[in-house]
>>> print(open('protein.csv').read())   # CSV, C-alpha atoms
chain,number,residue,atom,x,y,z
A,14,MET,CA,25.0,-2.8,0.8
A,15,LYS,CA,23.3,0.3,-0.6
A,16,PHE,CA,19.7,1.1,0.3
A,17,ALA,CA,17.4,3.7,-1.3
A,18,VAL,CA,14.6,5.4,0.7
A,19,VAL,CA,12.2,6.8,-1.9
A,20,VAL,CA,10.7,10.1,-0.7
A,21,PHE,CA,7.3,11.1,-2.0
A,22,PRO,CA,5.6,14.4,-1.3
A,23,GLY,CA,3.9,13.6,2.0
A,24,SER,CA,6.2,10.7,3.1
A,25,ASN,CA,6.8,11.1,6.9
A,26,CYS,CA,8.6,7.9,7.9
A,27,ASP,CA,11.5,8.4,5.5
A,28,ILE,CA,13.8,9.8,8.2
A,29,ASP,CA,13.0,6.8,10.5
A,30,MET,CA,13.8,4.4,7.7
A,31,TYR,CA,17.0,6.2,6.9
A,32,HIS,CA,18.0,6.1,10.6
A,33,ALA,CA,17.3,2.4,10.8
A,34,ILE,CA,19.7,1.6,7.9
A,35,LYS,CA,22.4,4.2,8.6
A,36,ASP,CA,22.7,4.1,12.4
A,37,GLU,CA,21.2,0.7,13.4
A,38,LEU,CA,22.2,-1.5,10.5
A,39,GLY,CA,25.3,0.5,9.6
A,40,GLU,CA,24.9,0.4,5.9
A,41,ASP,CA,24.8,3.0,3.1
A,42,VAL,CA,21.5,4.7,2.4
A,43,ASP,CA,20.3,7.6,0.2
A,44,TYR,CA,17.1,9.4,0.0
A,45,VAL,CA,15.8,9.2,-3.6
A,46,ASP,CA,13.5,11.9,-4.9
A,47,TYR,CA,10.2,10.8,-6.5
A,48,ARG,CA,11.1,12.7,-9.7
A,49,GLU,CA,14.0,10.3,-10.4
A,50,THR,CA,13.4,7.4,-12.8
A,51,SER,CA,16.1,4.9,-12.0
A,52,LEU,CA,17.2,3.0,-8.8
A,53,GLU,CA,19.9,1.2,-10.7
A,54,GLU,CA,22.7,1.9,-8.3
A,55,TYR,CA,20.9,0.5,-5.2
A,56,ASP,CA,20.8,-3.0,-3.9
A,57,ALA,CA,17.5,-2.6,-2.1
A,58,VAL,CA,14.5,-0.2,-2.3
A,59,LEU,CA,12.5,1.0,0.7
A,60,LEU,CA,9.2,2.8,0.4
A,61,PRO,CA,8.5,4.6,3.6
A,62,GLY,CA,5.2,5.3,5.4
A,63,GLY,CA,3.3,8.6,5.4
A,64,PHE,CA,0.6,10.2,3.4
A,65,SER,CA,1.9,10.6,-0.1
A,66,TYR,CA,-0.3,13.2,-1.9
A,67,GLY,CA,-2.4,13.5,1.2
A,68,ASP,CA,-4.0,10.1,0.4
A,69,TYR,CA,-6.0,12.0,-2.3
A,70,LEU,CA,-8.1,9.8,-4.6
A,71,ARG,CA,-6.9,6.6,-2.9
A,72,SER,CA,-3.9,6.0,-0.6
A,73,GLY,CA,-0.8,5.4,-2.7
A,74,ALA,CA,-2.7,6.0,-6.0
A,75,ILE,CA,-0.9,9.1,-7.2
A,76,ALA,CA,2.5,8.1,-5.9
A,77,ALA,CA,2.2,4.9,-7.9
A,78,ARG,CA,2.0,7.0,-11.2
A,79,LEU,CA,5.1,9.1,-10.6
A,80,PRO,CA,8.4,8.9,-12.6
A,81,ILE,CA,10.0,6.8,-9.9
A,82,ALA,CA,7.4,4.1,-10.4
A,83,ALA,CA,9.4,2.9,-13.4
A,84,GLY,CA,12.5,2.5,-11.2
A,85,ILE,CA,10.6,0.7,-8.5
A,86,LYS,CA,9.1,-1.8,-11.0
A,87,GLU,CA,12.5,-2.3,-12.6
A,88,ALA,CA,14.2,-3.0,-9.3
A,89,ALA,CA,11.4,-5.5,-8.5
A,90,GLN,CA,11.8,-7.3,-11.9
A,91,GLN,CA,15.5,-7.5,-11.3
A,92,GLY,CA,14.9,-9.4,-8.1
A,93,LYS,CA,16.1,-6.7,-5.8
A,94,PRO,CA,14.4,-6.6,-2.4
A,95,VAL,CA,11.7,-3.9,-2.4
A,96,LEU,CA,10.1,-3.2,1.0
A,97,GLY,CA,7.0,-1.0,1.3
A,98,VAL,CA,5.9,-0.1,4.8
A,99,CYS,CA,2.4,1.3,5.6
A,100,ASN,CA,1.9,3.9,2.8
A,101,GLY,CA,4.7,2.2,1.0
A,102,PHE,CA,2.6,-1.0,1.1
A,103,GLN,CA,-0.3,0.9,-0.3
A,104,VAL,CA,1.9,2.2,-3.1
A,105,LEU,CA,3.0,-1.4,-3.9
A,106,LEU,CA,-0.6,-2.4,-4.2
A,107,GLU,CA,-1.4,0.5,-6.5
A,108,LEU,CA,1.7,-0.3,-8.6
A,109,GLY,CA,0.3,-3.8,-9.1
A,110,LEU,CA,3.5,-5.3,-7.6
A,111,LEU,CA,1.4,-6.9,-4.9
A,112,PRO,CA,-2.2,-8.3,-5.1
A,113,GLY,CA,-5.2,-6.9,-3.2
A,114,ALA,CA,-6.2,-3.5,-1.9
A,115,MET,CA,-6.6,-1.5,1.3
A,116,ARG,CA,-9.9,-0.4,2.9
A,117,ARG,CA,-10.5,1.9,5.7
A,118,ASN,CA,-10.0,0.2,9.1
A,119,ARG,CA,-13.2,-1.6,10.1
A,120,GLN,CA,-13.5,0.6,13.2
A,121,LEU,CA,-12.9,3.7,11.1
A,122,THR,CA,-10.4,5.0,13.5
A,123,PHE,CA,-6.7,5.6,13.1
A,124,ILE,CA,-4.8,2.9,15.1
A,125,CYS,CA,-1.3,3.7,16.5
A,126,LYS,CA,0.0,1.1,18.9
A,127,PRO,CA,2.5,-1.7,19.4
A,128,THR,CA,1.1,-5.0,17.9
A,129,THR,CA,2.1,-8.6,18.1
A,130,LEU,CA,2.8,-10.1,14.7
A,131,ILE,CA,3.4,-13.7,13.8
A,132,VAL,CA,6.1,-14.5,11.3
A,133,LYS,CA,4.3,-16.8,8.9
A,134,ASN,CA,7.1,-17.3,6.4
A,135,ASN,CA,10.7,-17.0,7.4
A,136,GLN,CA,11.9,-18.2,4.0
A,137,THR,CA,11.9,-14.7,2.5
A,138,PRO,CA,14.9,-12.3,2.1
A,139,PHE,CA,13.2,-10.0,4.7
A,140,THR,CA,12.4,-12.6,7.4
A,141,SER,CA,15.2,-15.2,7.3
A,142,THR,CA,16.6,-14.3,10.7
A,143,TYR,CA,13.3,-14.8,12.4
A,144,GLU,CA,12.0,-18.2,13.6
A,145,SER,CA,9.0,-19.6,11.9
A,146,ASN,CA,5.8,-18.6,13.8
A,147,GLN,CA,7.9,-16.3,16.0
A,148,GLU,CA,5.9,-13.6,17.8
A,149,VAL,CA,7.4,-10.1,17.3
A,150,SER,CA,6.4,-6.7,18.6
A,151,ILE,CA,6.2,-4.1,15.9
A,152,PRO,CA,4.0,-0.9,16.0
A,153,VAL,CA,1.3,0.0,13.6
A,154,ALA,CA,0.0,3.5,12.7
A,155,HIS,CA,-2.6,3.6,10.0
A,156,GLY,CA,-6.2,4.4,9.1
A,157,GLU,CA,-6.4,2.3,6.0
A,158,GLY,CA,-4.8,-1.0,6.7
A,159,ASN,CA,-7.8,-3.3,6.3
A,160,TYR,CA,-6.4,-5.7,3.7
A,161,PHE,CA,-8.7,-7.1,1.1
A,162,CYS,CA,-8.4,-9.6,-1.7
A,163,ASP,CA,-10.8,-11.9,-3.5
A,164,PRO,CA,-11.0,-15.6,-2.4
A,165,ALA,CA,-9.0,-16.8,-5.4
A,166,THR,CA,-6.1,-14.5,-4.6
A,167,LEU,CA,-6.2,-15.5,-1.0
A,168,THR,CA,-5.9,-19.1,-1.9
A,169,GLU,CA,-2.9,-18.3,-4.1
A,170,LEU,CA,-1.3,-16.2,-1.3
A,171,LYS,CA,-1.6,-19.2,1.0
A,172,GLU,CA,-0.4,-21.8,-1.4
A,173,ASN,CA,2.7,-19.8,-2.4
A,174,GLY,CA,3.6,-18.8,1.2
A,175,GLN,CA,3.1,-15.2,0.3
A,176,ILE,CA,1.7,-14.3,3.7
A,177,ALA,CA,4.8,-13.1,5.5
A,178,PHE,CA,3.2,-11.6,8.7
A,179,THR,CA,-0.2,-11.8,10.4
A,180,TYR,CA,-1.5,-9.9,13.4
A,181,ALA,CA,-1.8,-12.1,16.5
A,182,GLU,CA,-5.3,-10.7,16.9
A,183,ASP,CA,-7.7,-8.9,14.6
A,184,ILE,CA,-6.9,-5.2,14.9
A,185,ASN,CA,-8.5,-3.7,11.7
A,186,GLY,CA,-10.6,-6.2,9.9
A,187,SER,CA,-7.9,-7.5,7.5
A,188,ILE,CA,-8.7,-10.7,5.8
A,189,GLU,CA,-7.1,-13.6,7.7
A,190,ASN,CA,-5.4,-11.0,9.9
A,191,ILE,CA,-2.9,-10.3,7.2
A,192,ALA,CA,-0.3,-7.7,8.1
A,193,GLY,CA,2.3,-8.3,5.3
A,194,ILE,CA,2.5,-10.1,2.0
A,195,THR,CA,5.1,-10.8,-0.6
A,196,ASN,CA,4.9,-11.2,-4.3
A,197,LYS,CA,5.2,-14.8,-5.7
A,198,GLU,CA,9.0,-14.5,-6.1
A,199,GLY,CA,9.4,-13.3,-2.5
A,200,ASN,CA,11.5,-10.2,-3.3
A,201,VAL,CA,8.7,-7.6,-2.8
A,202,LEU,CA,7.2,-7.2,0.7
A,203,GLY,CA,4.5,-4.9,1.8
A,204,MET,CA,3.5,-4.6,5.4
A,205,MET,CA,1.4,-2.2,7.4
A,206,PRO,CA,3.4,-2.4,10.7
A,207,HIS,CA,6.6,-0.3,10.9
A,208,PRO,CA,9.8,-2.3,11.4
A,209,GLU,CA,11.8,0.9,11.2
A,210,ARG,CA,10.1,2.1,14.4
A,211,ALA,CA,11.3,-1.0,16.2
A,212,VAL,CA,15.0,-1.0,15.9
A,213,ASP,CA,16.2,-0.1,19.4
A,214,GLU,CA,15.1,-1.0,22.9
A,215,LEU,CA,14.7,2.7,23.6
A,216,LEU,CA,11.8,2.6,21.1
A,217,GLY,CA,10.1,-0.2,23.0
A,218,SER,CA,11.2,-3.0,20.7
A,219,LYS,CA,14.0,-3.9,18.4
A,220,ASP,CA,12.1,-6.8,16.8
A,221,GLY,CA,12.0,-4.9,13.5
A,222,LEU,CA,15.7,-4.7,13.1
A,223,ASN,CA,15.9,-8.4,12.0
A,224,MET,CA,14.1,-7.5,8.8
A,225,PHE,CA,17.0,-5.3,7.8
A,226,VAL,CA,19.6,-7.8,9.2
A,227,SER,CA,17.9,-10.5,7.0
A,228,LEU,CA,18.3,-8.3,3.9
A,229,LEU,CA,22.0,-7.7,4.6
A,230,LYS,CA,22.6,-11.3,5.3
A,231,GLN,CA,21.1,-12.4,2.0
A,232,TRP,CA,23.0,-9.7,0.1
A,233,ARG,CA,26.3,-10.7,1.7
A,234,GLU,CA,25.6,-14.4,0.9
A,235,SER,CA,24.8,-13.6,-2.7
A,236,HIS,CA,27.9,-11.3,-3.0
A,237,ALA,CA,30.1,-13.8,-1.1
A,238,ILE,CA,31.3,-11.1,1.3
A,239,THR,CA,32.3,-12.3,4.7
A,240,SER,CA,32.8,-10.1,7.7
B,26,MET,CA,-16.1,21.0,-27.9
B,27,MET,CA,-16.2,21.0,-24.1
B,28,TYR,CA,-17.7,18.1,-22.3
B,29,GLU,CA,-18.6,17.6,-18.6
B,30,VAL,CA,-17.9,14.0,-17.5
B,31,ASN,CA,-19.2,12.7,-14.2
B,32,VAL,CA,-17.3,9.6,-13.1
B,33,PHE,CA,-19.0,7.6,-10.3
B,34,VAL,CA,-16.6,5.4,-8.4
B,35,THR,CA,-18.2,2.8,-6.1
B,36,LEU,CA,-17.0,-0.1,-4.0
B,37,LYS,CA,-17.7,-3.5,-5.5
B,38,GLU,CA,-20.6,-5.3,-3.9
B,39,ALA,CA,-18.4,-8.0,-2.4
B,40,VAL,CA,-16.3,-5.4,-0.5
B,41,LEU,CA,-17.5,-4.3,2.9
B,42,ASP,CA,-17.8,-0.6,3.3
B,43,PRO,CA,-17.0,0.4,6.9
B,44,GLN,CA,-18.0,4.1,6.3
B,45,GLY,CA,-21.3,3.1,4.7
B,46,SER,CA,-22.0,0.8,7.7
B,47,ALA,CA,-21.3,3.7,10.1
B,48,VAL,CA,-23.7,6.0,8.2
B,49,ASN,CA,-26.3,3.3,8.0
B,50,HIS,CA,-26.1,2.9,11.8
B,51,SER,CA,-26.3,6.6,12.4
B,52,LEU,CA,-29.5,6.9,10.2
B,53,HIS,CA,-31.1,4.1,12.3
B,54,GLN,CA,-30.2,6.1,15.4
B,55,LEU,CA,-32.1,9.1,13.9
B,56,GLY,CA,-35.1,6.8,13.4
B,57,TYR,CA,-34.8,6.0,9.7
B,58,GLN,CA,-35.3,2.3,10.2
B,59,GLU,CA,-36.3,1.8,6.5
B,60,VAL,CA,-32.7,2.2,5.4
B,61,GLU,CA,-31.4,-1.2,4.6
B,62,ASP,CA,-27.9,-0.4,3.4
B,63,VAL,CA,-25.6,2.6,2.7
B,64,ARG,CA,-22.7,2.5,0.3
B,65,ILE,CA,-20.4,5.4,0.0
B,66,GLY,CA,-18.7,6.2,-3.3
B,67,LYS,CA,-17.3,9.3,-5.0
B,68,VAL,CA,-18.1,11.5,-7.9
B,69,LEU,CA,-15.3,13.1,-10.0
B,70,THR,CA,-16.4,15.8,-12.4
B,71,LEU,CA,-14.0,16.2,-15.3
B,72,THR,CA,-14.2,19.1,-17.8
B,73,VAL,CA,-12.8,17.7,-21.0
B,74,ASN,CA,-11.9,19.4,-24.3
B,75,GLY,CA,-12.1,17.0,-27.2
B,76,GLU,CA,-14.0,15.3,-30.0
B,77,LYS,CA,-17.1,13.4,-29.1
B,78,GLU,CA,-15.9,10.2,-30.6
B,79,THR,CA,-12.7,10.1,-28.5
B,80,VAL,CA,-13.8,11.4,-25.2
B,81,GLU,CA,-15.5,8.2,-24.1
B,82,ALA,CA,-12.6,6.0,-24.9
B,83,ARG,CA,-10.2,8.4,-23.3
B,84,VAL,CA,-12.2,8.7,-20.1
B,85,LYS,CA,-12.5,4.9,-19.9
B,86,GLU,CA,-8.7,4.7,-20.1
B,87,MET,CA,-8.4,7.3,-17.3
B,88,CYS,CA,-10.7,5.2,-15.1
B,89,ASP,CA,-8.7,2.1,-15.8
B,90,LYS,CA,-5.3,3.7,-15.3
B,91,LEU,CA,-6.0,6.0,-12.3
B,92,LEU,CA,-9.5,7.0,-11.2
B,93,ALA,CA,-10.7,3.6,-10.0
B,94,ASN,CA,-8.9,0.6,-8.4
B,95,PRO,CA,-10.3,-2.5,-10.2
B,96,VAL,CA,-9.6,-4.7,-7.1
B,97,ILE,CA,-12.2,-3.1,-5.0
B,98,GLU,CA,-14.0,-0.5,-7.1
B,99,ASP,CA,-16.4,-0.3,-10.0
B,100,TYR,CA,-17.0,2.9,-12.1
B,101,ARG,CA,-19.4,4.3,-14.6
B,102,PHE,CA,-19.6,7.7,-16.2
B,103,GLU,CA,-21.9,10.1,-17.9
B,104,ILE,CA,-20.8,12.5,-20.6
B,105,LYS,CA,-22.7,15.7,-21.5
B,106,GLU,CA,-21.9,18.8,-23.4
B,107,ALA,CA,-20.6,21.5,-21.1
B,108,LEU,CA,-22.7,24.6,-21.0
B,109,ALA,CA,-21.4,27.6,-22.9
B,110,GLN,CA,-19.9,30.4,-20.8
>>> encode(input="protein.csv", output="structure tokens")
Amino acid sequence: MKFAVVVFPGSNCDIDMYHAIKDELGEDVDYVDYRETSLEEYDAVLLPGGFSYGDYLRSGAIAARLPIAAGIKEAAQQGKPVLGVCNGFQVLLELGLLPGAMRRNRQLTFICKPTTLIVKNNQTPFTSTYESNQEVSIPVAHGEGNYFCDPATLTELKENGQIAFTYAEDINGSIENIAGITNKEGNVLGMMPHPERAVDELLGSKDGLNMFVSLLKQWRESHAITS
Amino acid sequence: MMYEVNVFVTLKEAVLDPQGSAVNHSLHQLGYQEVEDVRIGKVLTLTVNGEKETVEARVKEMCDKLLANPVIEDYRFEIKEALAQ
């Protein structure tokens, strides 16, 4: 399985993401420059965390208008898994691939700590190897992770099972403690916590690794490869 | 003709503004109890070279495409002729 890690000016979790795929999952992965326009040769697209364009204007706003945006949208339309973590989530919101927007954390401070998440939907390509309502430990590191959407969108998110992860407790003011959501089809996931920082016990948790294992499992099943 | 366009981007009323709340609180601490609410937005000043008829439509497009996020923000703008050098 071949993964793309899209690198924007100001990405800073791209190396962690690359490491998670290459060394922990053991699959192929390339860095893809933001000036590229196609992600045709990849089976999954990963948008890493960081501060693309210094969060100028709005976090993720400028990154979502770059040449690579066309490739990301195309991959999403083709049904390929597209995962955006932290700033990657913000980019997916700005791209319009996921509904809602991010506000500054309610407490106005940057939060960087392990958090407990609850897997709300384990029927997605990203979460199939978790139990439903399983509690997992995955760290957050963000200043703008206070998820907002209007009431109609929230109802839709709930009805379609688009809420993939919630925080076990309110850490930043997010509506309904939302930590991660998918699109209606389930192949685009945005989340503020960093699964790529939780892929080895040495890092304090390996609960994030299952996200990548889930993607690989789904890819193998759909390509009928057994190992 | 050169125009100066001031674009005001503000959070929609229904969206809580944590920065505004903090500034409101700070003003109260300084004794300005009459302040009921503070909302923080931003001003973008664009210098645009164009024809008067097209500038407004083009700036509106810019706001919709990039300058404001319609999920949480409203915008308005003012256009005036830029002063000659």
>>> atom_distance(input="protein.csv", atom1="CA of Phe123 in chain A", atom2="CA of Ser24 in chain A")
17.1 Å
>>> residues_around(input="protein.csv", residues="Thr72 in chain B", least_positions_apart="2", cutoff="12 Å", atoms="all atoms listed in the file", output="ChimeraX atom specification")
/B:26-32,69-70,74-75,80,84,103-108
>>> write_last_selection(input="protein.csv", atoms="C-alpha atoms", output="short mmCIF file (atom, residue, chain, number, x, y, z; two decimals), keeping the file's coordinate frame")
data_model
loop_
_atom_site.label_atom_id
_atom_site.label_comp_id
_atom_site.auth_asym_id
_atom_site.auth_seq_id
_atom_site.Cartn_x
_atom_site.Cartn_y
_atom_site.Cartn_z
CA MET B 26 -16.10 21.00 -27.90
CA MET B 27 -16.20 21.00 -24.10
CA TYR B 28 -17.70 18.10 -22.30
CA GLU B 29 -18.60 17.60 -18.60
CA VAL B 30 -17.90 14.00 -17.50
CA ASN B 31 -19.20 12.70 -14.20
CA VAL B 32 -17.30 9.60 -13.10
CA LEU B 69 -15.30 13.10 -10.00
CA THR B 70 -16.40 15.80 -12.40
CA ASN B 74 -11.90 19.40 -24.30
CA GLY B 75 -12.10 17.00 -27.20
CA VAL B 80 -13.80 11.40 -25.20
CA VAL B 84 -12.20 8.70 -20.10
CA GLU B 103 -21.90 10.10 -17.90
CA ILE B 104 -20.80 12.50 -20.60
CA LYS B 105 -22.70 15.70 -21.50
CA GLU B 106 -21.90 18.80 -23.40
CA ALA B 107 -20.60 21.50 -21.10
CA LEU B 108 -22.70 24.60 -21.00
#
>>> interface_residues(input="protein.csv", of="chain B", to="chain A", cutoff="10 Å", atoms="only C-alpha atoms", output="PDB file with C-alpha atoms, in the frame of the given file")
ATOM      1  CA  LEU B  36     -17.000  -0.100  -4.000  1.00  0.00           C
ATOM      2  CA  ALA B  39     -18.400  -8.000  -2.400  1.00  0.00           C
ATOM      3  CA  VAL B  40     -16.300  -5.400  -0.500  1.00  0.00           C
ATOM      4  CA  LEU B  41     -17.500  -4.300   2.900  1.00  0.00           C
ATOM      5  CA  ASP B  42     -17.800  -0.600   3.300  1.00  0.00           C
ATOM      6  CA  PRO B  43     -17.000   0.400   6.900  1.00  0.00           C
ATOM      7  CA  GLN B  44     -18.000   4.100   6.300  1.00  0.00           C
ATOM      8  CA  SER B  46     -22.000   0.800   7.700  1.00  0.00           C
ATOM      9  CA  ALA B  47     -21.300   3.700  10.100  1.00  0.00           C
ATOM     10  CA  LYS B  67     -17.300   9.300  -5.000  1.00  0.00           C
ATOM     11  CA  LEU B  69     -15.300  13.100 -10.000  1.00  0.00           C
ATOM     12  CA  LYS B  90      -5.300   3.700 -15.300  1.00  0.00           C
ATOM     13  CA  LEU B  91      -6.000   6.000 -12.300  1.00  0.00           C
ATOM     14  CA  LEU B  92      -9.500   7.000 -11.200  1.00  0.00           C
ATOM     15  CA  ALA B  93     -10.700   3.600 -10.000  1.00  0.00           C
ATOM     16  CA  ASN B  94      -8.900   0.600  -8.400  1.00  0.00           C
ATOM     17  CA  PRO B  95     -10.300  -2.500 -10.200  1.00  0.00           C
ATOM     18  CA  VAL B  96      -9.600  -4.700  -7.100  1.00  0.00           C
ATOM     19  CA  ILE B  97     -12.200  -3.100  -5.000  1.00  0.00           C
ATOM     20  CA  GLU B  98     -14.000  -0.500  -7.100  1.00  0.00           C
TER      21      GLU B  98
END
>>> atom_distance(input="protein.csv", atom1="CA of Val68 in chain B", atom2="CA of Ile124 in chain A")
27.9 Å
>>> closest_residue(input="protein.csv", among="B:Ile65, B:Val60, B:Cys88, B:Leu55", to="Phe102 in chain B", atoms="all atoms listed in the file")
B:Cys88
>>> residues_around(input="protein.csv", residues="Asn223 in chain A", least_positions_apart="5", cutoff="12 Å", atoms="all atoms listed in the file", output="PyMOL selection string")
chain A and resi 33-34+37-38+132+135+138-144+147+149-151+208-209+211-213+218+228-231
>>> residues_around(input="protein.csv", residues="range 174-180 of chain A", least_positions_apart="4", cutoff="8 Å", atoms="only C-alpha atoms", output="list in words")
Thr128, Thr129, Leu130, Ile131, Val132, Lys133, Asn134, Asn135, Thr137, Thr140, Leu170, Ile184, Glu189, Asn190, Ile191, Ala192, Gly193, Ile194, Thr195, Asn196, Lys197, Gly199, Leu202 and Met204 of chain A
>>> residues_near_point(input="protein.csv", point="(18.0, 4.8, -14.0)", cutoff="10 Å", atoms="all atoms listed in the file", output="list in words")
Glu49, Thr50, Ser51, Leu52, Glu53, Glu54, Ile81, Ala83, Gly84, Glu87 and Ala88 of chain A
>>> write_last_selection(input="protein.csv", atoms="C-alpha atoms", output="PDB file, in the frame of the given file")
ATOM      1  CA  GLU A  49      14.000  10.300 -10.400  1.00  0.00           C
ATOM      2  CA  THR A  50      13.400   7.400 -12.800  1.00  0.00           C
ATOM      3  CA  SER A  51      16.100   4.900 -12.000  1.00  0.00           C
ATOM      4  CA  LEU A  52      17.200   3.000  -8.800  1.00  0.00           C
ATOM      5  CA  GLU A  53      19.900   1.200 -10.700  1.00  0.00           C
ATOM      6  CA  GLU A  54      22.700   1.900  -8.300  1.00  0.00           C
ATOM      7  CA  ILE A  81      10.000   6.800  -9.900  1.00  0.00           C
ATOM      8  CA  ALA A  83       9.400   2.900 -13.400  1.00  0.00           C
ATOM      9  CA  GLY A  84      12.500   2.500 -11.200  1.00  0.00           C
ATOM     10  CA  GLU A  87      12.500  -2.300 -12.600  1.00  0.00           C
ATOM     11  CA  ALA A  88      14.200  -3.000  -9.300  1.00  0.00           C
TER      12      ALA A  88
END
>>> atom_distance(input="protein.csv", atom1="CA of Pro94 in chain A", atom2="CA of Asp56 in chain A")
7.5 Å
